[in-house]
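Enquirer: I'm passing along my_file-v4.tsv; it holds TSV, N, CA and C atoms.
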chain	number	residue	atom	x	y	z
A	1	MET	N	109.15	75.16	80.93
A	1	MET	CA	108.67	76.27	81.72
A	1	MET	C	109.29	76.21	83.10
A	2	ARG	N	109.49	77.35	83.64
A	2	ARG	CA	110.04	77.40	84.99
A	2	ARG	C	109.02	76.89	85.99
A	3	ILE	N	109.51	76.47	87.16
A	3	ILE	CA	108.65	75.90	88.19
A	3	ILE	C	107.65	76.94	88.71
A	4	MET	N	108.07	78.20	88.80
A	4	MET	CA	107.16	79.25	89.27
A	4	MET	C	106.04	79.51	88.26
A	5	SER	N	106.36	79.41	86.97
A	5	SER	CA	105.34	79.59	85.95
A	5	SER	C	104.30	78.48	86.02
A	6	ILE	N	104.77	77.28	86.23
A	6	ILE	CA	103.85	76.14	86.35
A	6	ILE	C	102.99	76.30	87.59
A	7	ALA	N	103.61	76.69	88.70
A	7	ALA	CA	102.85	76.89	89.94
A	7	ALA	C	101.81	77.99	89.78
A	8	TYR	N	102.18	79.07	89.10
A	8	TYR	CA	101.23	80.15	88.87
A	8	TYR	C	100.04	79.66	88.03
A	9	LEU	N	100.33	78.96	86.94
A	9	LEU	CA	99.26	78.50	86.07
A	9	LEU	C	98.33	77.51	86.77
A	10	VAL	N	98.89	76.64	87.61
A	10	VAL	CA	98.06	75.69	88.36
A	10	VAL	C	97.19	76.43	89.36
A	11	THR	N	97.79	77.39	90.09
A	11	THR	CA	97.02	78.18	91.05
A	11	THR	C	95.92	78.97	90.36
A	12	PHE	N	96.25	79.59	89.24
A	12	PHE	CA	95.27	80.35	88.49
A	12	PHE	C	94.12	79.46	88.03
A	13	SER	N	94.44	78.27	87.53
A	13	SER	CA	93.40	77.36	87.04
A	13	SER	C	92.48	76.90	88.17
A	14	ILE	N	93.06	76.52	89.29
A	14	ILE	CA	92.26	76.05	90.43
A	14	ILE	C	91.38	77.16	90.97
A	15	CYS	N	91.95	78.34	91.14
A	15	CYS	CA	91.17	79.48	91.66
A	15	CYS	C	90.06	79.89	90.69
A	16	THR	N	90.33	79.83	89.40
A	16	THR	CA	89.30	80.18	88.43
A	16	THR	C	88.15	79.18	88.48
A	17	ILE	N	88.45	77.91	88.51
A	17	ILE	CA	87.40	76.89	88.58
A	17	ILE	C	86.61	77.03	89.87
A	18	LEU	N	87.30	77.25	90.99
A	18	LEU	CA	86.62	77.40	92.27
A	18	LEU	C	85.71	78.63	92.28
A	19	THR	N	86.19	79.73	91.74
A	19	THR	CA	85.38	80.95	91.70
A	19	THR	C	84.17	80.78	90.78
A	20	ILE	N	84.36	80.12	89.65
A	20	ILE	CA	83.22	79.88	88.74
A	20	ILE	C	82.16	79.02	89.44
A	21	LEU	N	82.60	77.99	90.15
A	21	LEU	CA	81.65	77.14	90.87
A	21	LEU	C	80.91	77.92	91.96
A	22	ILE	N	81.63	78.76	92.69
A	22	ILE	CA	81.00	79.55	93.75
A	22	ILE	C	79.97	80.50	93.17
A	23	VAL	N	80.31	81.16	92.09
A	23	VAL	CA	79.38	82.12	91.48
A	23	VAL	C	78.21	81.38	90.84
A	24	TYR	N	78.48	80.28	90.17
A	24	TYR	CA	77.42	79.53	89.48
A	24	TYR	C	76.42	78.93	90.47
A	25	LYS	N	76.93	78.37	91.56
A	25	LYS	CA	76.07	77.74	92.56
A	25	LYS	C	75.45	78.76	93.52
A	26	ASP	N	75.86	80.04	93.41
A	26	ASP	CA	75.37	81.12	94.25
A	26	ASP	C	75.55	80.79	95.73
A	27	VAL	N	76.78	80.43	96.08
A	27	VAL	CA	77.11	80.10	97.46
A	27	VAL	C	77.15	81.39	98.27
A	28	ASN	N	76.43	81.43	99.37
A	28	ASN	CA	76.36	82.61	100.22
A	28	ASN	C	76.97	82.27	101.58
A	29	HIS	N	78.28	82.28	101.62
A	29	HIS	CA	79.02	81.95	102.84
A	29	HIS	C	80.19	82.92	102.95
A	30	PRO	N	80.56	83.33	104.16
A	30	PRO	CA	81.68	84.28	104.29
A	30	PRO	C	82.99	83.76	103.70
A	31	PHE	N	83.22	82.47	103.80
A	31	PHE	CA	84.43	81.89	103.23
A	31	PHE	C	84.42	81.99	101.71
A	32	ALA	N	83.25	81.78	101.11
A	32	ALA	CA	83.13	81.90	99.65
A	32	ALA	C	83.36	83.34	99.21
A	33	THR	N	82.86	84.29	99.98
A	33	THR	CA	83.08	85.70	99.67
A	33	THR	C	84.56	86.03	99.76
A	34	ALA	N	85.24	85.48	100.74
A	34	ALA	CA	86.68	85.72	100.89
A	34	ALA	C	87.45	85.11	99.72
A	35	ILE	N	87.04	83.96	99.25
A	35	ILE	CA	87.71	83.32	98.11
A	35	ILE	C	87.55	84.16	96.85
A	36	VAL	N	86.34	84.63	96.60
A	36	VAL	CA	86.10	85.43	95.40
A	36	VAL	C	86.84	86.77	95.50
A	37	GLY	N	86.86	87.38	96.67
A	37	GLY	CA	87.62	88.62	96.86
A	37	GLY	C	89.11	88.39	96.70
A	38	GLY	N	89.60	87.31	97.25
A	38	GLY	CA	91.02	86.96	97.09
A	38	GLY	C	91.38	86.70	95.64
A	39	TYR	N	90.47	86.08	94.92
A	39	TYR	CA	90.69	85.83	93.49
A	39	TYR	C	90.76	87.14	92.71
A	40	ALA	N	89.91	88.10	93.06
A	40	ALA	CA	89.94	89.40	92.40
A	40	ALA	C	91.27	90.10	92.67
A	41	ILE	N	91.75	90.04	93.90
A	41	ILE	CA	93.06	90.63	94.23
A	41	ILE	C	94.17	89.90	93.49
A	42	PHE	N	94.07	88.58	93.39
A	42	PHE	CA	95.05	87.79	92.66
A	42	PHE	C	95.10	88.20	91.19
A	43	LEU	N	93.93	88.44	90.59
A	43	LEU	CA	93.89	88.86	89.19
A	43	LEU	C	94.50	90.25	89.00
A	44	ILE	N	94.23	91.17	89.90
A	44	ILE	CA	94.80	92.51	89.79
A	44	ILE	C	96.31	92.47	89.98
A	45	ALA	N	96.78	91.69	90.96
A	45	ALA	CA	98.22	91.55	91.16
A	45	ALA	C	98.88	90.91	89.94
A	46	SER	N	98.20	89.93	89.33
A	46	SER	CA	98.73	89.28	88.13
A	46	SER	C	98.84	90.28	86.99
A	47	LEU	N	97.85	91.13	86.84
A	47	LEU	CA	97.88	92.15	85.80
A	47	LEU	C	99.10	93.04	85.94
A	48	PHE	N	99.32	93.54	87.14
A	48	PHE	CA	100.48	94.41	87.35
A	48	PHE	C	101.79	93.67	87.16
A	49	TYR	N	101.86	92.41	87.61
A	49	TYR	CA	103.07	91.63	87.41
A	49	TYR	C	103.36	91.43	85.92
A	50	PHE	N	102.33	91.06	85.17
A	50	PHE	CA	102.53	90.83	83.74
A	50	PHE	C	102.95	92.09	83.01
A	51	LEU	N	102.32	93.21	83.33
A	51	LEU	CA	102.71	94.46	82.69
A	51	LEU	C	104.16	94.81	83.01
A	52	PHE	N	104.54	94.67	84.27
A	52	PHE	CA	105.92	94.96	84.67
A	52	PHE	C	106.89	94.00	84.00
A	53	ALA	N	106.58	92.71	83.98
A	53	ALA	CA	107.47	91.72	83.38
A	53	ALA	C	107.60	91.93	81.87
A	54	ILE	N	106.51	92.28	81.22
A	54	ILE	CA	106.56	92.53	79.78
A	54	ILE	C	107.44	93.73	79.49
A	55	LEU	N	107.22	94.81	80.23
A	55	LEU	CA	108.04	96.01	80.01
A	55	LEU	C	109.51	95.76	80.32
A	56	TRP	N	109.76	95.02	81.39
A	56	TRP	CA	111.14	94.74	81.80
A	56	TRP	C	111.88	93.90	80.76
A	57	LYS	N	111.22	92.89	80.24
A	57	LYS	CA	111.88	92.01	79.27
A	57	LYS	C	111.84	92.57	77.86
A	58	ALA	N	110.86	93.40	77.55
A	58	ALA	CA	110.77	93.97	76.21
A	58	ALA	C	111.88	94.99	75.96
A	59	ARG	N	112.37	95.61	77.01
A	59	ARG	CA	113.45	96.59	76.82
A	59	ARG	C	114.75	95.93	76.39
A	60	LYS	N	114.88	94.64	76.62
A	60	LYS	CA	116.09	93.90	76.24
A	60	LYS	C	115.98	93.28	74.85
A	61	LEU	N	114.82	93.37	74.24
A	61	LEU	CA	114.63	92.78	72.91
A	61	LEU	C	115.33	93.63	71.85
A	62	PRO	N	115.82	92.99	70.79
A	62	PRO	CA	116.36	93.77	69.67
A	62	PRO	C	115.26	94.57	68.99
A	63	ARG	N	115.63	95.68	68.38
A	63	ARG	CA	114.65	96.58	67.74
A	63	ARG	C	113.75	95.87	66.73
A	64	PRO	N	114.29	95.04	65.82
A	64	PRO	CA	113.39	94.38	64.85
A	64	PRO	C	112.33	93.49	65.53
A	65	GLU	N	112.74	92.79	66.57
A	65	GLU	CA	111.80	91.93	67.29
A	65	GLU	C	110.75	92.77	68.01
A	66	LEU	N	111.16	93.86	68.59
A	66	LEU	CA	110.22	94.75	69.28
A	66	LEU	C	109.23	95.37	68.30
A	67	LYS	N	109.71	95.76	67.14
A	67	LYS	CA	108.82	96.32	66.12
A	67	LYS	C	107.84	95.27	65.61
A	68	ARG	N	108.32	94.04	65.44
A	68	ARG	CA	107.44	92.96	65.00
A	68	ARG	C	106.33	92.71	66.02
A	69	ARG	N	106.70	92.70	67.28
A	69	ARG	CA	105.71	92.47	68.34
A	69	ARG	C	104.74	93.64	68.45
A	70	ALA	N	105.24	94.86	68.26
A	70	ALA	CA	104.36	96.03	68.31
A	70	ALA	C	103.35	95.99	67.16
A	71	ARG	N	103.80	95.64	65.97
A	71	ARG	CA	102.87	95.51	64.84
A	71	ARG	C	101.85	94.40	65.10
A	72	GLN	N	102.32	93.31	65.66
A	72	GLN	CA	101.44	92.19	65.99
A	72	GLN	C	100.40	92.64	67.03
A	73	PHE	N	100.85	93.39	68.04
A	73	PHE	CA	99.94	93.90	69.06
A	73	PHE	C	98.86	94.79	68.44
A	74	ILE	N	99.27	95.70	67.58
A	74	ILE	CA	98.32	96.62	66.95
A	74	ILE	C	97.32	95.86	66.08
A	75	LEU	N	97.81	94.89	65.31
A	75	LEU	CA	96.92	94.09	64.46
A	75	LEU	C	95.91	93.32	65.31
A	76	TYR	N	96.37	92.66	66.36
A	76	TYR	CA	95.45	91.93	67.24
A	76	TYR	C	94.46	92.88	67.90
A	77	PHE	N	94.94	94.05	68.32
A	77	PHE	CA	94.06	95.02	68.96
A	77	PHE	C	92.92	95.42	68.03
A	78	VAL	N	93.25	95.74	66.80
A	78	VAL	CA	92.24	96.16	65.83
A	78	VAL	C	91.24	95.02	65.58
A	79	ILE	N	91.75	93.81	65.41
A	79	ILE	CA	90.87	92.66	65.15
A	79	ILE	C	89.92	92.42	66.33
A	80	PHE	N	90.47	92.37	67.54
A	80	PHE	CA	89.62	92.08	68.71
A	80	PHE	C	88.67	93.23	69.03
A	81	PHE	N	89.10	94.47	68.80
A	81	PHE	CA	88.20	95.59	69.03
A	81	PHE	C	87.03	95.54	68.05
A	82	CYS	N	87.32	95.29	66.80
A	82	CYS	CA	86.26	95.21	65.79
A	82	CYS	C	85.31	94.04	66.09
A	83	LEU	N	85.85	92.89	66.44
A	83	LEU	CA	84.99	91.74	66.75
A	83	LEU	C	84.11	92.01	67.97
A	84	SER	N	84.70	92.57	69.00
A	84	SER	CA	83.93	92.88	70.21
A	84	SER	C	82.87	93.92	69.93
A	85	PHE	N	83.21	94.91	69.12
A	85	PHE	CA	82.24	95.94	68.76
A	85	PHE	C	81.12	95.37	67.92
A	86	LEU	N	81.45	94.48	66.98
A	86	LEU	CA	80.42	93.88	66.13
A	86	LEU	C	79.49	92.95	66.90
A	87	ILE	N	80.05	92.24	67.87
A	87	ILE	CA	79.22	91.34	68.67
A	87	ILE	C	78.21	92.14	69.49
A	88	ASN	N	78.62	93.29	69.99
A	88	ASN	CA	77.74	94.14	70.80
A	88	ASN	C	77.28	95.36	70.00
A	89	PHE	N	76.96	95.18	68.74
A	89	PHE	CA	76.63	96.30	67.87
A	89	PHE	C	75.36	97.04	68.31
A	90	GLY	N	74.39	96.32	68.81
A	90	GLY	CA	73.14	96.94	69.24
A	90	GLY	C	73.31	97.84	70.45
A	91	ASP	N	74.19	97.47	71.34
A	91	ASP	CA	74.44	98.25	72.56
A	91	ASP	C	75.95	98.35	72.76
A	92	PRO	N	76.64	99.22	72.00
A	92	PRO	CA	78.10	99.28	72.07
A	92	PRO	C	78.60	99.80	73.42
A	93	ASN	N	79.61	99.14	73.92
A	93	ASN	CA	80.26	99.53	75.16
A	93	ASN	C	81.75	99.65	74.85
A	94	PHE	N	82.22	100.87	74.62
A	94	PHE	CA	83.60	101.07	74.18
A	94	PHE	C	84.61	100.66	75.24
A	95	TYR	N	84.31	100.92	76.51
A	95	TYR	CA	85.23	100.54	77.58
A	95	TYR	C	85.44	99.03	77.60
A	96	LYS	N	84.36	98.29	77.48
A	96	LYS	CA	84.45	96.83	77.47
A	96	LYS	C	85.19	96.34	76.23
A	97	SER	N	84.90	96.92	75.08
A	97	SER	CA	85.55	96.51	73.84
A	97	SER	C	87.05	96.78	73.87
A	98	ILE	N	87.42	97.95	74.37
A	98	ILE	CA	88.85	98.29	74.46
A	98	ILE	C	89.56	97.42	75.49
A	99	SER	N	88.91	97.15	76.62
A	99	SER	CA	89.52	96.29	77.64
A	99	SER	C	89.79	94.89	77.11
A	100	ILE	N	88.83	94.34	76.43
A	100	ILE	CA	88.99	93.00	75.86
A	100	ILE	C	90.10	93.00	74.81
A	101	ALA	N	90.10	94.02	73.96
A	101	ALA	CA	91.10	94.09	72.89
A	101	ALA	C	92.51	94.24	73.46
A	102	ILE	N	92.70	95.09	74.45
A	102	ILE	CA	94.03	95.27	75.03
A	102	ILE	C	94.51	94.00	75.72
A	103	GLY	N	93.63	93.38	76.51
A	103	GLY	CA	94.01	92.16	77.22
A	103	GLY	C	94.38	91.02	76.28
A	104	MET	N	93.57	90.79	75.29
A	104	MET	CA	93.85	89.71	74.34
A	104	MET	C	95.10	90.02	73.51
A	105	SER	N	95.27	91.25	73.10
A	105	SER	CA	96.43	91.62	72.29
A	105	SER	C	97.72	91.49	73.07
A	106	LEU	N	97.72	91.97	74.31
A	106	LEU	CA	98.92	91.82	75.14
A	106	LEU	C	99.24	90.35	75.38
A	107	GLY	N	98.21	89.58	75.67
A	107	GLY	CA	98.42	88.17	75.93
A	107	GLY	C	98.99	87.43	74.74
A	108	LEU	N	98.45	87.69	73.57
A	108	LEU	CA	98.92	86.98	72.38
A	108	LEU	C	100.28	87.47	71.90
A	109	SER	N	100.57	88.74	72.07
A	109	SER	CA	101.82	89.29	71.55
A	109	SER	C	103.00	89.09	72.48
A	110	PHE	N	102.76	89.11	73.80
A	110	PHE	CA	103.88	89.11	74.74
A	110	PHE	C	103.83	87.99	75.77
A	111	PHE	N	102.96	87.01	75.60
A	111	PHE	CA	102.82	85.91	76.56
A	111	PHE	C	104.14	85.17	76.79
A	112	ASP	N	104.88	84.92	75.72
A	112	ASP	CA	106.11	84.14	75.84
A	112	ASP	C	107.19	84.87	76.62
A	113	LEU	N	107.16	86.19	76.68
A	113	LEU	CA	108.16	86.92	77.45
A	113	LEU	C	108.01	86.65	78.94
A	114	VAL	N	106.80	86.46	79.39
A	114	VAL	CA	106.56	86.28	80.82
A	114	VAL	C	106.79	84.84	81.25
A	115	PHE	N	106.38	83.87	80.45
A	115	PHE	CA	106.37	82.49	80.90
A	115	PHE	C	107.47	81.60	80.38
A	116	LEU	N	108.08	81.90	79.25
A	116	LEU	CA	109.08	81.00	78.71
A	116	LEU	C	110.47	81.34	79.24
A	117	PRO	N	111.38	80.35	79.25
A	117	PRO	CA	112.74	80.60	79.74
A	117	PRO	C	113.48	81.64	78.91
A	118	LYS	N	114.55	82.17	79.47
A	118	LYS	CA	115.27	83.27	78.86
A	118	LYS	C	115.87	82.92	77.50
A	119	ASN	N	116.28	81.67	77.28
A	119	ASN	CA	116.92	81.34	76.01
A	119	ASN	C	115.98	81.37	74.81
A	120	THR	N	114.67	81.47	75.02
A	120	THR	CA	113.73	81.52	73.91
A	120	THR	C	113.15	82.92	73.72
A	121	GLU	N	113.68	83.91	74.41
A	121	GLU	CA	113.14	85.25	74.30
A	121	GLU	C	113.44	85.90	72.96
A	122	HIS	N	114.54	85.57	72.33
A	122	HIS	CA	114.95	86.29	71.11
A	122	HIS	C	114.57	85.54	69.88
Before we go any further, please render this structure as structure tokens.
Expert:
Amino acid sequence: MRIMSIAYLVTFSICTILTILIVYKDVNHPFATAIVGGYAIFLIASLFYFLFAILWKARKLPRPELKRRARQFILYFVIFFCLSFLINFGDPNFYKSISIAIGMSLGLSFFDLVFLPKNTEH
């Protein structure tokens, strides 16, 4: 993995653990609020970066590989949507189910495009 990918994953892990601890312990301090707000901005920026990186690198993939990944994405989406819907069957929330399904499907189908070196993309 590239050094930036490792740095991102370490930062993400530390910030996630810190935010979970702050929320779990119900820390009421301005610094804690700034950390949680910064973490939310970090997550939104990461989302846009991943979407851009996936689209940028996916355009260079050969057609058969792109079709395979698209089928994989659709299959994962259907599986995760159904599971999320079944878990919340008594009180269905379609927005939540679709959000979970899209996030998990994108992550599983295109994760290697963002984090792995260029020689393993094809």
Enquirer: What gap, in Å, lies between atom C of Arg71 in chain A and CA of Ser109 in chain A?
Expert: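 Interatomic distance here is 8.2 Å.
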Enquirer: So, counting all atoms listed in the file, which residue among A:Ala53, A:Ile20, A:Phe42, A:Thr11 is closest to Leu113 in chain A?
Expert: A:Ala53
Enquirer: Please, what distance in Å, to one decimal, runs between atom C of Leu75 in chain A and atom N of Phe94 in chain A?
Expert: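 So the two atoms, atom C of Leu75 in chain A and atom N of Phe94 in chain A, lie 18.2 Å apart.
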Enquirer: Counting only C-alpha atoms, write as a VMD selection string all protein and nucleic acid residues lying at most 12 Å from (99.3, 88.3, 72.1) in the file's frame.
Expert: chain A and resid 54 68 to 77 79 to 80 100 to 114
Enquirer: What separation in Å, quoted to one decimal, exists between CA of Val23 in chain A and atom C of Ile35 in chain A?
Expert: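 Atom-to-atom, CA of Val23 in chain A to atom C of Ile35 in chain A, that is 10.0 Å.
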Enquirer: Restricting the calculation to only C-alpha atoms: of A:Leu55, A:Leu9, A:Leu18, A:Ile87, which residue gets closest to Ala34 in chain A?
Expert: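 That would be A:Leu18, the residue with the smallest distance to Ala34 in chain A.
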